[in-house]
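A quick write-up on the structure given underneath.
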Amino acid sequence: MALYALKRLGSLLISLIVASLVIFTCIEIVPGDPASFMLGINAQPDTVAALRDELGLNQSLIQRYFGWVGGLVTGDLGTSYTYRSPVSEIVAERLEISLPLAIYALGLTVVVAFPVGLLAAARRGSATDVTVMGATQLGIAIPNFWFAMLMVLVFAINLRWFSAGGFPGWDAGFWAAIKALTLPALALALPQASILSRVMRSSLLDTLSEDYVRTARAKGLSRRQVMWRHALRNALIPVLTIIGLQFSFLLAGAIIIENVFFLPGLGRLVFQAITQRDLIVVESVVMLLVFAVIVVNFLVDLAYAWVDPRLRSRA
């Protein structure tokens with residue numbers, strides 16, 4: 001297991017290096033000068049030049065790349081052109097919202113998807129299976145921003161159980177913060193739970209058709225015993241893949257939901273930084289999100305090896 005983990009760790013480091021090169025190159029070739037944007041179209045050339053020198057934009061691309069990577073390694077993400085404060089502090093503030101929101105939404109996804117997928121697989125071809133598959137198809141088809149606005153209308157405006165948006169901060173208390181994240185988490189979890197339920201059902205049905213399952217049934221085990229003792233663990237590999245991808249999406253792709261509920265998370269930060277040509281913020285946040293995706297995939301690979309010992313033997 002340790003050798004397998006080391007090999008996957010090596011792949012992780014290579015992926016991070018390649019990702020940093022791609023991110024830096026793509027953002028730097030985007031047209032537009034941050035200094036000119038910040039000072040406006042009527043700024044004097046010498047003023048623009050002085051600001052470019054202050055921001056380090058006059059350095060060569062190689063110098064800027066290695067300076068940026070060196071800062072990433074040491075935890076110094078640079079200073080925002082727009083906010084004039086350390087990027088690490090800005091990102092930390094936004095992560096206090098985006099990370100709990102992603103974890104909350106993923107938890108709701110797993111809690112809903114696992115029993116629904118198991119139920120549909122256990123009753124394949126029945127009315128329950130057809131109903132579940134129809135409901136999950138509807139959950140995939142409904143845009144999450146439309147579902148979010150519907151929940152605001154019902155639960156915030158009509159019933160007044162939740163606020164329509166905003167985040168009171170963790171200083172207001174744990175339950176107050178969780179309550180503010182509940183509707184956004186539900187909006188994010190609906191399509192993800194629908195997808196995961198269908199994957200869970202499909203993977204279980206494939207596993208239940210294997211020879212070893214039929215052998216277990218022939219030895220007298222009930223369908224429930226076969227499902228829990230043999231099929232479920234072997235069906236988890238594709239499910240773990242989807243969960244890893246979903247967490248990455250929930251962390252990085254919640255920009256629409258964050259705007260619907262006025263949540264100052266990472267998604268809104270990236271959007272604002274792009275419009276303001278705040279390159280250092282865009283580069284650092286995107287690299288942070290890529291790092292999160294790669295780390296999650298690394299953990300999923302380790303989970304593969306735990307679920308399926310054959311992967312460890314191949315290492």
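Letters A, B, ... go to the chains of the structure tokens in the order shown; residues in each chain start at 1; ligands are counted from 1 in the same order.
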- Task: Skip Gln272 in chain A itself and residues of its chain fewer than 4 positions away, then list as a ChimeraX atom specification all residues within 10 Å of it, counting only C-alpha atoms.
- Result: /A:82,266-268,276-278,281-282
Dump of C-alpha atoms for the selected residues, as an mmCIF file, in the first residue's frame:
data_model
loop_
_atom_site.group_PDB
_atom_site.id
_atom_site.type_symbol
_atom_site.label_atom_id
_atom_site.label_comp_id
_atom_site.auth_asym_id
_atom_site.auth_seq_id
_atom_site.Cartn_x
_atom_site.Cartn_y
_atom_site.Cartn_z
ATOM 1 C CA THR A 82 -7.439 45.192 -6.858
ATOM 2 C CA LEU A 266 -14.330 31.291 -4.314
ATOM 3 C CA GLY A 267 -16.535 31.176 -7.405
ATOM 4 C CA ARG A 268 -17.530 34.812 -7.102
ATOM 5 C CA GLN A 276 -10.999 43.246 -12.936
ATOM 6 C CA ARG A 277 -7.915 41.709 -14.617
ATOM 7 C CA ASP A 278 -6.545 40.764 -11.192
ATOM 8 C CA VAL A 281 -5.780 36.266 -7.838
ATOM 9 C CA VAL A 282 -6.983 34.292 -10.862
#
- Message: List as number ranges by chain the protein and nucleic acid residues near Ser194 in chain A, meaning an atom at most 6 Å away when only C-alpha atoms are counted, but skip any in the same chain fewer than 4 places from it.
- Response: A: 136, 139-140
- Task: Write out as a ChimeraX atom specification which residues come within 9 Å of Ile294 in chain A when counting only C-alpha atoms, dropping same-chain ones fewer than 4 positions away.
- Result: /A:12,15-16,248,289-290,298-299
Write the residues you've just listed into a file as a PDB file, in the first residue's frame, and include N, CA, C and O atoms for each of them.
ATOM      1  N   LEU A  12       1.046  12.879  -8.745  1.00  0.00           N
ATOM      2  CA  LEU A  12       0.427  14.113  -8.262  1.00  0.00           C
ATOM      3  C   LEU A  12       1.374  15.299  -8.442  1.00  0.00           C
ATOM      4  O   LEU A  12       0.960  16.366  -8.919  1.00  0.00           O
ATOM      5  N   SER A  15       1.695  16.271 -12.088  1.00  0.00           N
ATOM      6  CA  SER A  15       0.462  16.930 -12.531  1.00  0.00           C
ATOM      7  C   SER A  15       0.417  18.380 -12.065  1.00  0.00           C
ATOM      8  O   SER A  15      -0.023  19.270 -12.808  1.00  0.00           O
ATOM      9  N   LEU A  16       0.877  18.634 -10.844  1.00  0.00           N
ATOM     10  CA  LEU A  16       0.886  20.000 -10.326  1.00  0.00           C
ATOM     11  C   LEU A  16       1.836  20.898 -11.121  1.00  0.00           C
ATOM     12  O   LEU A  16       1.506  22.056 -11.421  1.00  0.00           O
ATOM     13  N   SER A 248     -14.855  18.127  -6.439  1.00  0.00           N
ATOM     14  CA  SER A 248     -14.093  19.142  -7.165  1.00  0.00           C
ATOM     15  C   SER A 248     -15.032  20.132  -7.838  1.00  0.00           C
ATOM     16  O   SER A 248     -14.807  21.352  -7.813  1.00  0.00           O
ATOM     17  N   LEU A 289      -7.520  25.468  -6.797  1.00  0.00           N
ATOM     18  CA  LEU A 289      -8.596  24.551  -7.157  1.00  0.00           C
ATOM     19  C   LEU A 289      -8.053  23.322  -7.877  1.00  0.00           C
ATOM     20  O   LEU A 289      -8.524  22.202  -7.643  1.00  0.00           O
ATOM     21  N   VAL A 290      -7.069  23.524  -8.748  1.00  0.00           N
ATOM     22  CA  VAL A 290      -6.441  22.375  -9.405  1.00  0.00           C
ATOM     23  C   VAL A 290      -5.768  21.477  -8.376  1.00  0.00           C
ATOM     24  O   VAL A 290      -5.858  20.243  -8.453  1.00  0.00           O
ATOM     25  N   PHE A 298      -6.105  11.860  -5.787  1.00  0.00           N
ATOM     26  CA  PHE A 298      -5.108  11.040  -5.100  1.00  0.00           C
ATOM     27  C   PHE A 298      -5.756  10.239  -3.972  1.00  0.00           C
ATOM     28  O   PHE A 298      -5.507   9.038  -3.814  1.00  0.00           O
ATOM     29  N   LEU A 299      -6.612  10.905  -3.202  1.00  0.00           N
ATOM     30  CA  LEU A 299      -7.307  10.206  -2.116  1.00  0.00           C
ATOM     31  C   LEU A 299      -8.265   9.146  -2.665  1.00  0.00           C
ATOM     32  O   LEU A 299      -8.421   8.072  -2.069  1.00  0.00           O
TER      33      LEU A 299
END
- Task: Find, counting only C-alpha atoms, the residue in A:Leu250, A:Ile17, A:Leu205, A:Leu6 that gets nearest to Arg124 in chain A.
- Result: A:Leu205
- Task: Would you mind telling me which residue in A:Ala193, A:Val22, A:Met227, A:Val286 lies nearest to Val239 in chain A when using only C-alpha atoms?
- Result: A:Ala193
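Ranking A:Arg198, A:Phe145, A:Gly169, A:Arg160 by their shortest atom-to-atom distance to Val130 in chain A, with only C-alpha atoms included, puts A:Arg198 first.
Restricting the calculation to only C-alpha atoms, the smallest distance between Ala102 in chain A and any of A:Phe249, A:Tyr83, A:Trp161, A:Trp68 is found for A:Phe249.
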- Identify, with DSSP run on backbone atoms, the residues in range 63-150 of chain A assigned to helix (DSSP H, G or I), and express the list as a ChimeraX atom specification. /A:63-74,87-122,127-141,144-150
- Query: Using only C-alpha atoms, which residues sit within 12 Å of Val260 in chain A once same-chain residues fewer than 6 positions away are excluded, as a list in words?
  - Reply: Asn144, Phe145, Trp146, Phe147, Ala148, Met149, Leu150, Met151, Val152, Ala164, Gly165, Gly166, Leu183, Pro184, Ala187, Leu188, Ala254, Gly267 and Arg268 of chain A
- For Ala113 in chain A, which residue out of A:Leu77, A:Met200, A:Val293, A:Leu181 is the nearest one, using only C-alpha atoms? A:Met200
- Item | Which of A:Ile237, A:Ala49, A:Val132, A:Leu99 sits closest to Leu302 in chain A [using only C-alpha atoms] | A:Ile237
